[in-house]
Amino acid sequence: MKIVQVLSCLLYGDAIGNDTLAIKGIIQERGYETQIYADGIAANIAHKSAAQEMSHICRFDKNDIILLHVAIASRLNEWIKSQPCRKVMVWHNITPPQFFEPYNTESMSSCAKGWEQVRQLKDTFDMVLAASEFNKKDLIDIGYNCPIHVLPILIPFNEYNKTPSERLLRKYGNDGFTNIIFVGRIAPNKKQQDVIRAFADYQMHFNPKSRLFLVGNAAGCENYERQLKDYVAALGVRNVHFTGHIKFDEILAYYKLADLFLCQSEHEGFCVPLLEAMYFDVPVVAHESSAIGETIGGGGFLLKGKDSVETAAVMNRILTDGQLRQTVLANQRERLADFQYDKVKALFWKYMDELIEQ
């Protein structure tokens, strides 16, 4: 019996790519024949044997299992229907297309097509592994009737113990500035404009010696990034840095530098950076939407509204009230324990064994 994973594109440093590689590792531990197949594989994937192009995909029999990762429109969402084996969707969610309408019509069309493909797949799978209850509900609303289990993203936290960029730590680490960060691709559903607005009020009313790092790639959303930079200029806010696409050691450095993680996103199927911030003991302030509250659980500080002055005041309180900060961090550490690698790994096999033994 083979257990293989299929996805449209395998990217290094991407949450879905990292999840896929981690799952491959735990399948190999069990001794099953396994491989990752993708239509596109990033050149910086560490080992060429980590994945193969779809043109090299093996043949399947009825006892084999395909795990199809779904997060975008793809020909693979059609291809899966014709396969003669057992099928599992790993459902990461797709950004609602309306977020992209003012900025990128191609992305808007791709997301719309992706949702239509997901609707057409509702009777295709033997099981779904959804990254959150939020994701699960989306599929139930569409009409999925197969077993749907919630399986958080499998995060090998030991990877974050690598050496951060010394250059960035020297540049920003000892100048007395308060560093606010948000990590996530520059995209309209992430609502970086609301991060900027809240930071502007924090800088104006509470702490002029503060800095904002927006850590993420803007590929495909260059129009949105230009508007964000124009917004920064219009507000007159200082020390806002757009990092663009960066290396992993630089991402680690920004987490090391961070005094607070601010999330204002309005659509997340899970949101790995929230847990990354928790791992680095960075207090999280976030707008409660989509799967964000579910991922944070009892950790971090959730705000239902988006009043920028209120958000700035909460940021300041956490940054200046040592007792509150320690309470937030203690709650985050407790919540992070729910996502320990071995716990998620055990949950993965609980669900997979149910399918294997049928």
# chains A, B, ... in the order shown; residues from 1 in each chain; ligands from 1
$ select_by_dssp --residues "stretch 91-273 of chain A" --states "alpha helix (DSSP H)" --output "PyMOL selection string"
chain A and resi 105-120+133-142+166-172+192-205+222-235+248-257+272-273
$ residues_around --residues "stretch 221-225 of chain A" --least-positions-apart "5" --cutoff "8 Å" --atoms "only C-alpha atoms" --output "VMD selection string"
chain A and resid 103 to 104 186 to 188
$ residues_around --residues "A:Leu67" --least-positions-apart "3" --cutoff "6 Å" --atoms "only C-alpha atoms" --output "list in words"
Gln5, Val88 and Met89 of chain A
$ residues_around --residues "A:Ala130" --least-positions-apart "5" --cutoff "7 Å" --atoms "only C-alpha atoms" --output "ChimeraX atom specification"
/A:90-92,135-136,148-151
$ residues_around --residues "A:Met315" --least-positions-apart "4" --cutoff "8 Å" --atoms "only C-alpha atoms" --output "PyMOL selection string"
chain A and resi 202+260+285+311+319
$ write_last_selection --atoms "N, CA and C atoms" --output "short mmCIF file (atom, residue, chain, number, x, y, z; two decimals), in the first residue's frame"
data_model
loop_
_atom_site.label_atom_id
_atom_site.label_comp_id
_atom_site.auth_asym_id
_atom_site.auth_seq_id
_atom_site.Cartn_x
_atom_site.Cartn_y
_atom_site.Cartn_z
N TYR A 202 -0.57 53.76 17.42
CA TYR A 202 0.33 53.41 18.51
C TYR A 202 1.54 54.34 18.51
N LEU A 260 6.03 42.56 19.73
CA LEU A 260 4.59 42.24 19.65
C LEU A 260 4.25 41.86 18.23
N VAL A 285 -1.49 40.15 19.45
CA VAL A 285 -2.76 40.87 19.45
C VAL A 285 -3.38 40.64 18.08
N THR A 311 -7.06 49.29 19.42
CA THR A 311 -6.01 48.29 19.18
C THR A 311 -4.65 48.82 19.65
N LEU A 319 2.59 45.99 26.17
CA LEU A 319 4.02 46.30 26.09
C LEU A 319 4.54 47.02 27.33
#
